[in-house]
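**Q** Structure file target16.txt, compact mmCIF, C-alpha atoms, is pasted below:
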```txt
# COMPACT_ATOMS: atom_id res chain seq x y z
CA MET A 162 -9.20 -20.90 -2.55
CA ASP A 163 -9.14 -17.69 -4.54
CA ASP A 164 -11.03 -15.02 -2.62
CA VAL A 165 -13.43 -14.29 -5.48
CA ASN A 166 -15.16 -17.48 -4.41
CA GLY A 167 -15.23 -16.40 -0.78
CA GLN A 168 -18.27 -15.66 1.33
CA GLU A 169 -20.14 -12.40 1.42
CA SER A 170 -19.91 -10.06 4.39
CA LYS A 171 -21.93 -11.19 7.40
CA GLN A 172 -22.06 -7.91 9.31
CA THR A 173 -21.09 -4.29 8.96
CA SER A 174 -17.70 -4.47 10.67
CA ALA A 175 -15.65 -6.37 13.18
CA SER A 176 -17.04 -4.23 15.98
CA GLY A 177 -20.62 -4.42 14.72
CA LYS A 178 -20.69 -0.64 14.30
CA GLU A 179 -21.83 1.06 11.11
CA PRO A 180 -18.70 2.62 9.56
CA ASN A 181 -18.85 6.24 8.46
CA ILE A 182 -18.03 5.69 4.80
CA LEU A 183 -18.52 9.35 3.83
CA ARG A 184 -16.08 10.55 6.48
CA ALA A 185 -13.56 7.91 5.45
CA ALA A 186 -13.95 8.85 1.77
CA ILE A 187 -13.42 12.56 2.47
CA GLY A 188 -10.36 11.84 4.60
CA PHE A 189 -8.95 9.56 1.93
CA ALA A 190 -9.49 12.15 -0.82
CA ILE A 191 -7.76 14.85 1.26
CA TYR A 192 -4.80 12.53 1.88
CA ALA A 193 -4.59 11.54 -1.79
CA MET A 194 -4.38 15.19 -2.89
CA LEU A 195 -2.32 16.59 0.00
CA THR A 196 0.51 14.05 -0.10
CA PRO A 197 1.63 14.74 -3.70
CA ALA A 198 1.06 18.47 -3.20
CA LEU A 199 3.84 18.42 -0.60
CA LEU A 200 6.30 17.69 -3.41
CA PHE A 201 5.63 21.03 -5.06
CA VAL A 202 5.28 23.02 -1.84
CA SER A 203 8.63 21.84 -0.47
CA ALA A 204 10.27 22.28 -3.90
CA ASN A 205 8.84 25.79 -4.11
CA THR A 206 7.95 25.24 -7.76
CA VAL A 207 5.38 23.57 -9.98
CA ASN A 208 7.82 23.41 -12.89
CA TRP A 209 8.88 19.84 -12.20
CA PRO A 210 7.74 17.42 -14.95
CA MET A 211 8.86 14.24 -13.20
CA ALA A 212 6.95 15.21 -10.07
CA TRP A 213 3.82 15.74 -12.17
CA LEU A 214 4.31 12.34 -13.77
CA LEU A 215 4.71 10.70 -10.36
CA THR A 216 1.62 12.52 -9.10
CA GLY A 217 -0.41 11.26 -12.04
CA LEU A 218 0.78 7.67 -11.58
CA ALA A 219 0.13 7.79 -7.84
CA LEU A 220 -3.38 9.23 -8.18
CA LEU A 221 -4.21 6.74 -10.91
CA SER A 222 -3.11 3.91 -8.64
CA ILE A 223 -4.83 5.26 -5.53
CA PHE A 224 -8.21 6.09 -7.04
CA GLY A 225 -8.11 3.28 -9.61
CA SER A 226 -7.63 0.65 -6.92
CA ARG A 227 -10.52 2.01 -4.87
CA ILE A 228 -12.82 2.09 -7.88
CA VAL A 229 -11.93 -1.52 -8.64
CA VAL A 230 -12.60 -2.52 -5.03
CA ALA A 231 -15.92 -0.64 -4.97
CA LEU A 232 -17.06 -2.42 -8.12
CA ARG A 233 -15.86 -5.91 -7.17
CA PHE A 234 -16.14 -5.99 -3.38
CA PRO A 235 -18.42 -3.23 -2.03
CA ASP A 236 -18.42 -4.93 1.38
CA LEU A 237 -14.65 -4.37 1.58
CA ILE A 238 -15.18 -0.61 1.35
CA ARG A 239 -17.25 -0.82 4.53
CA GLU A 240 -14.68 -2.99 6.26
CA ARG A 241 -11.80 -0.64 5.43
CA ALA A 242 -13.81 2.44 6.43
CA GLY A 243 -14.34 1.00 9.90
CA TYR A 244 -10.81 -0.24 10.58
CA ARG A 245 -10.37 2.07 13.59
CA ASP A 246 -13.22 0.24 15.34
CA ALA A 247 -11.85 -3.24 14.66
CA GLU A 248 -11.62 -4.67 18.16
CA ASP A 249 -9.50 -7.66 17.10
CA ALA A 250 -6.83 -5.60 15.32
CA MET A 251 -3.44 -5.41 16.99
CA PRO A 252 -2.99 -2.07 18.85
CA MET A 253 0.54 -1.77 17.46
CA ASP A 254 -0.76 -2.12 13.92
CA LYS A 255 -3.26 0.70 14.43
CA LEU A 256 -0.23 2.86 15.18
CA LEU A 257 1.65 1.58 12.13
CA VAL A 258 -1.21 2.29 9.68
CA PRO A 259 -0.79 6.11 9.73
CA ILE A 260 3.01 5.77 9.72
CA VAL A 261 3.10 3.49 6.68
CA GLY A 262 0.19 5.04 4.82
CA LEU A 263 0.35 8.74 5.75
CA PHE A 264 3.34 10.18 7.60
CA GLY A 265 5.94 8.07 5.79
CA PRO A 266 4.89 9.06 2.25
CA MET A 267 4.49 12.68 3.34
CA MET A 268 8.01 12.81 4.74
CA ILE A 269 9.44 11.22 1.59
CA ASN A 270 7.75 13.85 -0.57
CA ILE A 271 8.90 16.71 1.64
CA VAL A 272 12.54 15.56 1.56
CA ALA A 273 12.35 14.91 -2.20
CA GLY A 274 10.97 18.41 -2.76
CA LEU A 275 13.68 20.00 -0.63
CA ASP A 276 16.32 17.97 -2.47
CA HIS A 277 15.02 19.25 -5.80
CA ARG A 278 14.82 22.83 -4.50
CA PHE A 279 18.38 22.99 -3.16
CA GLY A 280 20.04 20.60 -5.62
CA TRP A 281 21.42 18.19 -3.04
CA SER A 282 21.56 15.15 -5.35
CA PRO A 283 23.48 14.59 -8.58
CA ALA A 284 21.65 14.28 -11.88
CA ILE A 285 20.33 10.85 -12.82
CA PRO A 286 20.79 9.79 -16.47
CA ALA A 287 17.58 9.74 -18.49
CA VAL A 288 17.80 5.97 -18.90
CA GLY A 289 18.03 5.61 -15.12
CA GLN A 290 14.95 7.75 -14.62
CA GLY A 291 13.16 5.75 -17.30
CA ILE A 292 13.94 2.49 -15.53
CA ALA A 293 12.70 4.00 -12.26
CA VAL A 294 9.42 5.02 -13.92
CA ALA A 295 8.97 1.49 -15.27
CA VAL A 296 9.59 0.01 -11.81
CA ILE A 297 7.06 2.41 -10.28
CA VAL A 298 4.42 1.51 -12.87
CA LEU A 299 5.08 -2.18 -12.26
CA GLY A 300 4.96 -1.75 -8.49
CA TYR A 301 1.74 0.24 -8.53
CA GLY A 302 0.25 -2.26 -10.97
CA ILE A 303 1.03 -5.21 -8.70
CA SER A 304 -0.49 -3.43 -5.71
CA VAL A 305 -3.69 -2.63 -7.61
CA TRP A 306 -3.87 -6.20 -8.91
CA ALA A 307 -3.57 -7.52 -5.36
CA MET A 308 -6.48 -5.37 -4.23
CA ALA A 309 -8.52 -6.43 -7.25
CA VAL A 310 -8.35 -10.12 -6.32
CA ASN A 311 -8.39 -9.91 -2.53
CA ARG A 312 -11.84 -9.51 -0.98
CA TYR A 313 -10.19 -9.37 2.45
CA PHE A 314 -7.70 -6.56 1.81
CA SER A 315 -8.07 -4.98 5.23
CA ALA A 316 -6.40 -1.75 6.31
CA VAL A 317 -5.23 -3.44 9.53
CA VAL A 318 -3.74 -6.81 10.40
CA ARG A 319 -6.64 -9.04 11.44
CA VAL A 320 -8.44 -12.21 10.41
CA GLN A 321 -11.94 -11.24 9.27
CA ARG A 322 -13.95 -14.08 10.77
CA GLU A 323 -17.17 -12.05 10.52
CA ARG A 324 -16.67 -11.97 6.73
CA GLY A 325 -15.71 -15.63 6.39
CA GLN A 326 -12.13 -14.93 5.38
CA VAL A 327 -10.33 -17.61 3.38
CA VAL A 328 -6.82 -17.82 1.97
CA VAL A 329 -6.25 -15.89 -1.25
CA THR A 330 -4.05 -17.69 -3.78
CA GLY A 331 -4.99 -16.09 -7.11
CA GLY A 332 -3.43 -13.25 -9.07
CA PRO A 333 -0.05 -12.08 -7.74
CA TYR A 334 -0.59 -14.13 -4.57
CA ARG A 335 0.64 -17.08 -6.63
CA TRP A 336 4.20 -15.76 -6.46
CA VAL A 337 4.53 -13.99 -3.10
CA ARG A 338 2.33 -13.96 0.00
CA HIS A 339 2.17 -10.16 0.32
CA PRO A 340 2.23 -8.81 -3.27
CA SER A 341 0.80 -5.38 -2.44
CA TYR A 342 3.64 -4.72 -0.02
CA ALA A 343 6.10 -6.04 -2.61
CA GLY A 344 4.75 -3.64 -5.21
CA GLY A 345 4.86 -0.74 -2.76
CA LEU A 346 8.42 -1.63 -1.78
CA ALA A 347 9.59 -1.63 -5.41
CA ALA A 348 7.82 1.62 -6.27
CA GLY A 349 8.97 3.35 -3.10
CA LEU A 350 12.63 2.54 -3.70
CA ALA A 351 12.41 3.75 -7.32
CA ILE A 352 10.80 7.12 -6.56
CA PRO A 353 13.97 8.94 -5.37
CA PHE A 354 15.74 7.91 -8.59
CA MET A 355 12.84 9.04 -10.76
CA LEU A 356 12.80 12.42 -9.03
CA GLU A 357 16.61 12.79 -8.89
CA ALA A 358 16.19 13.23 -5.13
CA LEU A 359 18.45 10.63 -3.57
CA TRP A 360 18.21 12.14 -0.08
CA ALA A 361 14.63 10.91 -0.11
CA LEU A 362 16.13 7.42 0.21
CA VAL A 363 16.67 8.17 3.93
CA PRO A 364 12.97 8.36 4.90
CA THR A 365 12.22 5.76 2.21
CA LEU A 366 14.51 3.18 3.82
CA ILE A 367 13.02 3.92 7.24
CA LEU A 368 9.54 3.43 5.82
CA MET A 369 10.55 0.27 3.97
CA THR A 370 12.04 -1.17 7.16
CA THR A 371 8.75 -0.50 8.93
CA LEU A 372 6.86 -2.10 6.04
CA ILE A 373 9.02 -5.24 6.20
CA TRP A 374 8.43 -5.44 9.96
CA ARG A 375 4.69 -5.11 9.41
CA THR A 376 4.83 -7.81 6.73
CA ALA A 377 6.49 -10.21 9.16
CA MET A 378 3.91 -9.38 11.84
CA GLU A 379 1.00 -9.87 9.46
CA ASP A 380 2.41 -13.12 8.15
CA ARG A 381 2.77 -14.44 11.69
CA VAL A 382 -0.84 -13.52 12.56
CA LEU A 383 -2.18 -15.19 9.41
CA MET A 384 -0.04 -18.27 10.04
CA GLU A 385 -1.47 -18.62 13.53
CA GLN A 386 -5.08 -17.62 12.97
CA LEU A 387 -6.17 -18.16 9.36
CA GLU A 388 -7.06 -21.73 8.46
CA GLY A 389 -5.14 -23.00 5.45
CA TYR A 390 -2.55 -20.22 5.47
CA ALA A 391 0.25 -22.46 6.73
CA ASP A 392 -0.34 -24.83 3.81
CA TYR A 393 -0.38 -21.88 1.41
CA ALA A 394 2.89 -20.61 2.93
CA GLY A 395 4.40 -24.03 2.34
CA ARG A 396 3.55 -23.79 -1.37
CA THR A 397 4.31 -20.07 -1.76
CA ARG A 398 7.62 -19.77 0.06
CA TYR A 399 8.39 -16.08 -0.22
CA ARG A 400 6.71 -13.20 1.58
CA LEU A 401 7.89 -10.21 -0.46
CA ILE A 402 10.81 -10.91 -2.80
CA PRO A 403 10.90 -14.13 -4.84
CA GLY A 404 14.07 -16.09 -4.16
CA ILE A 405 15.09 -13.91 -1.20
CA TRP A 406 12.41 -13.52 1.51
```
Translate the structure described by the file into structure tokens.
**A**
Amino acid sequence: MDDVNGQESKQTSASGKEPNILRAAIGFAIYAMLTPALLFVSANTVNWPMAWLLTGLALLSIFGSRIVVALRFPDLIRERAGYRDAEDAMPMDKLLVPIVGLFGPMMINIVAGLDHRFGWSPAIPAVGQGIAVAVIVLGYGISVWAMAVNRYFSAVVRVQRERGQVVVTGGPYRWVRHPSYAGGLAAGLAIPFMLEALWALVPTLILMTTLIWRTAMEDRVLMEQLEGYADYAGRTRYRLIPGIW
């Protein structure tokens, strides 16, 4: 069943506590502005057109996806704001959330900025940068699309029984089981080429490895705990990359 036909929220959060949405929104806004700013701080310049383009695309994706979620699934905003209090979330995943969503992107931007500042990487042909931009737009678009169709797009790995979670099969979930991660993976790998900062591939590959590990963990939890997911996995064979995995 596509999640747009799913049930409405039955309580405020998994823990029953009222999430502090304002605090979560302020923290999110600070993160969304600070992370791209690290590009320019570490590069010691604001005269970097490709970095400005990446910043614009990233902010459009970040804030656009949240606006879409707020309009379509306001109950999901509450669920995501209270993820720290989710008692049924895996403790390991609560540690992975800031690594994947905060520290990893920050480190990538710092290394990319330093690479640009000191000229560590060779120039990338304009056509190569253009292809990288297209991949980033596609990746961000897939991630936003996944959030737009998934009422249960939690910040942590858990089955939301209190919200009547069902299997999501619409939108990009028709092709891979974790399309948001797939989009993030594609965009993340393209960013160093767009910025001509190939040393940023080092933290990128570390982050991508962590993301793949988290994907496998989430898939296993859903397979074991979410009714109908095993059947969906039988029809939609690939987790992240069609034809590969």
**Q** Counting all atoms listed in the file, which of A:Thr397, A:Ser341, A:Thr365, A:Thr330 gets nearest to A:Phe314?
**A** A:Ser341
**Q** Give me the residues within 8 Å of stretch 376-393 of chain A as a PyMOL selection string, counting only C-alpha atoms and dropping any in the same chain fewer than 2 places off.
**A** chain A and resi 318-320+326-328+330+339+342+372-374+395-397+400
**Q** I'd like the neighbourhood of stretch 200-202 of chain A as a list in words, where a residue qualifies if any of its atoms comes within 6 Å (using all atoms listed in the file), though same-chain residues fewer than 3 positions away should be ignored.
**A** Pro197, Asn205, Thr206, Val207, Asn270, Ile271 and Gly274 of chain A
**Q** Select, from A:Ile260, A:Val229, A:Met369, A:Val337, the residue with the minimum atom-to-atom distance to A:Trp306, counting only C-alpha atoms.
**A**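 Ranked by minimum distance to A:Trp306, first place goes to A:Val229.
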**Q** Of the candidates A:Ile187, A:Leu275, A:Ile269, A:Met251, which one gets nearest to A:Pro353 if we count only C-alpha atoms?
**A** A:Ile269
**Q** Regenerate stretch 339-367 of chain A at the level of N, CA and C atoms and dump it as a PDB file, in the coordinates of the input.
**A**
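rebuild.pdb written:
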```pdb
ATOM      1  N   HIS A 339       2.604 -11.536   0.053  1.00  0.00           N
ATOM      2  CA  HIS A 339       2.170 -10.160   0.320  1.00  0.00           C
ATOM      3  C   HIS A 339       2.520  -9.283  -0.893  1.00  0.00           C
ATOM      4  N   PRO A 340       1.851  -9.492  -2.028  1.00  0.00           N
ATOM      5  CA  PRO A 340       2.230  -8.810  -3.270  1.00  0.00           C
ATOM      6  C   PRO A 340       2.015  -7.294  -3.231  1.00  0.00           C
ATOM      7  N   SER A 341       1.014  -6.827  -2.497  1.00  0.00           N
ATOM      8  CA  SER A 341       0.800  -5.380  -2.440  1.00  0.00           C
ATOM      9  C   SER A 341       1.966  -4.686  -1.767  1.00  0.00           C
ATOM     10  N   TYR A 342       2.470  -5.277  -0.673  1.00  0.00           N
ATOM     11  CA  TYR A 342       3.640  -4.720  -0.020  1.00  0.00           C
ATOM     12  C   TYR A 342       4.857  -4.795  -0.934  1.00  0.00           C
ATOM     13  N   ALA A 343       4.974  -5.894  -1.682  1.00  0.00           N
ATOM     14  CA  ALA A 343       6.100  -6.040  -2.610  1.00  0.00           C
ATOM     15  C   ALA A 343       6.067  -4.948  -3.666  1.00  0.00           C
ATOM     16  N   GLY A 344       4.882  -4.691  -4.217  1.00  0.00           N
ATOM     17  CA  GLY A 344       4.750  -3.640  -5.210  1.00  0.00           C
ATOM     18  C   GLY A 344       5.069  -2.271  -4.636  1.00  0.00           C
ATOM     19  N   GLY A 345       4.574  -2.020  -3.417  1.00  0.00           N
ATOM     20  CA  GLY A 345       4.860  -0.740  -2.760  1.00  0.00           C
ATOM     21  C   GLY A 345       6.329  -0.571  -2.456  1.00  0.00           C
ATOM     22  N   LEU A 346       6.983  -1.660  -2.073  1.00  0.00           N
ATOM     23  CA  LEU A 346       8.420  -1.630  -1.780  1.00  0.00           C
ATOM     24  C   LEU A 346       9.217  -1.268  -3.035  1.00  0.00           C
ATOM     25  N   ALA A 347       8.877  -1.905  -4.156  1.00  0.00           N
ATOM     26  CA  ALA A 347       9.590  -1.630  -5.410  1.00  0.00           C
ATOM     27  C   ALA A 347       9.381  -0.191  -5.855  1.00  0.00           C
ATOM     28  N   ALA A 348       8.120   0.251  -5.839  1.00  0.00           N
ATOM     29  CA  ALA A 348       7.820   1.620  -6.270  1.00  0.00           C
ATOM     30  C   ALA A 348       8.481   2.646  -5.357  1.00  0.00           C
ATOM     31  N   GLY A 349       8.406   2.394  -4.055  1.00  0.00           N
ATOM     32  CA  GLY A 349       8.970   3.350  -3.100  1.00  0.00           C
ATOM     33  C   GLY A 349      10.463   3.534  -3.274  1.00  0.00           C
ATOM     34  N   LEU A 350      11.185   2.446  -3.517  1.00  0.00           N
ATOM     35  CA  LEU A 350      12.630   2.540  -3.700  1.00  0.00           C
ATOM     36  C   LEU A 350      13.007   3.218  -5.016  1.00  0.00           C
ATOM     37  N   ALA A 351      12.114   3.151  -6.012  1.00  0.00           N
ATOM     38  CA  ALA A 351      12.410   3.750  -7.320  1.00  0.00           C
ATOM     39  C   ALA A 351      12.115   5.247  -7.364  1.00  0.00           C
ATOM     40  N   ILE A 352      11.228   5.718  -6.499  1.00  0.00           N
ATOM     41  CA  ILE A 352      10.800   7.120  -6.560  1.00  0.00           C
ATOM     42  C   ILE A 352      11.957   8.117  -6.424  1.00  0.00           C
ATOM     43  N   PRO A 353      12.875   7.965  -5.457  1.00  0.00           N
ATOM     44  CA  PRO A 353      13.970   8.940  -5.370  1.00  0.00           C
ATOM     45  C   PRO A 353      14.814   9.015  -6.636  1.00  0.00           C
ATOM     46  N   PHE A 354      14.963   7.900  -7.348  1.00  0.00           N
ATOM     47  CA  PHE A 354      15.740   7.910  -8.590  1.00  0.00           C
ATOM     48  C   PHE A 354      14.970   8.573  -9.721  1.00  0.00           C
ATOM     49  N   MET A 355      13.666   8.363  -9.755  1.00  0.00           N
ATOM     50  CA  MET A 355      12.840   9.040 -10.760  1.00  0.00           C
ATOM     51  C   MET A 355      12.896  10.552 -10.585  1.00  0.00           C
ATOM     52  N   LEU A 356      12.851  10.995  -9.322  1.00  0.00           N
ATOM     53  CA  LEU A 356      12.800  12.420  -9.030  1.00  0.00           C
ATOM     54  C   LEU A 356      14.180  13.070  -8.923  1.00  0.00           C
ATOM     55  N   GLU A 357      15.251  12.285  -9.078  1.00  0.00           N
ATOM     56  CA  GLU A 357      16.610  12.790  -8.890  1.00  0.00           C
ATOM     57  C   GLU A 357      16.745  13.424  -7.504  1.00  0.00           C
ATOM     58  N   ALA A 358      16.190  12.731  -6.518  1.00  0.00           N
ATOM     59  CA  ALA A 358      16.190  13.230  -5.130  1.00  0.00           C
ATOM     60  C   ALA A 358      16.655  12.098  -4.219  1.00  0.00           C
ATOM     61  N   LEU A 359      17.934  11.818  -4.259  1.00  0.00           N
ATOM     62  CA  LEU A 359      18.450  10.630  -3.570  1.00  0.00           C
ATOM     63  C   LEU A 359      18.410  10.763  -2.053  1.00  0.00           C
ATOM     64  N   TRP A 360      18.342  11.985  -1.533  1.00  0.00           N
ATOM     65  CA  TRP A 360      18.210  12.140  -0.080  1.00  0.00           C
ATOM     66  C   TRP A 360      16.866  11.607   0.405  1.00  0.00           C
ATOM     67  N   ALA A 361      15.919  11.486  -0.488  1.00  0.00           N
ATOM     68  CA  ALA A 361      14.630  10.910  -0.110  1.00  0.00           C
ATOM     69  C   ALA A 361      14.745   9.419   0.205  1.00  0.00           C
ATOM     70  N   LEU A 362      15.893   8.817  -0.147  1.00  0.00           N
ATOM     71  CA  LEU A 362      16.130   7.420   0.210  1.00  0.00           C
ATOM     72  C   LEU A 362      16.195   7.239   1.733  1.00  0.00           C
ATOM     73  N   VAL A 363      16.574   8.291   2.462  1.00  0.00           N
ATOM     74  CA  VAL A 363      16.670   8.170   3.930  1.00  0.00           C
ATOM     75  C   VAL A 363      15.309   7.860   4.541  1.00  0.00           C
ATOM     76  N   PRO A 364      14.285   8.721   4.353  1.00  0.00           N
ATOM     77  CA  PRO A 364      12.970   8.360   4.900  1.00  0.00           C
ATOM     78  C   PRO A 364      12.369   7.137   4.199  1.00  0.00           C
ATOM     79  N   THR A 365      12.739   6.931   2.925  1.00  0.00           N
ATOM     80  CA  THR A 365      12.220   5.760   2.210  1.00  0.00           C
ATOM     81  C   THR A 365      12.694   4.473   2.872  1.00  0.00           C
ATOM     82  N   LEU A 366      13.971   4.393   3.207  1.00  0.00           N
ATOM     83  CA  LEU A 366      14.510   3.180   3.820  1.00  0.00           C
ATOM     84  C   LEU A 366      13.929   2.961   5.212  1.00  0.00           C
ATOM     85  N   ILE A 367      13.674   4.047   5.933  1.00  0.00           N
ATOM     86  CA  ILE A 367      13.020   3.920   7.240  1.00  0.00           C
ATOM     87  C   ILE A 367      11.615   3.356   7.064  1.00  0.00           C
TER      88      ILE A 367
END
```
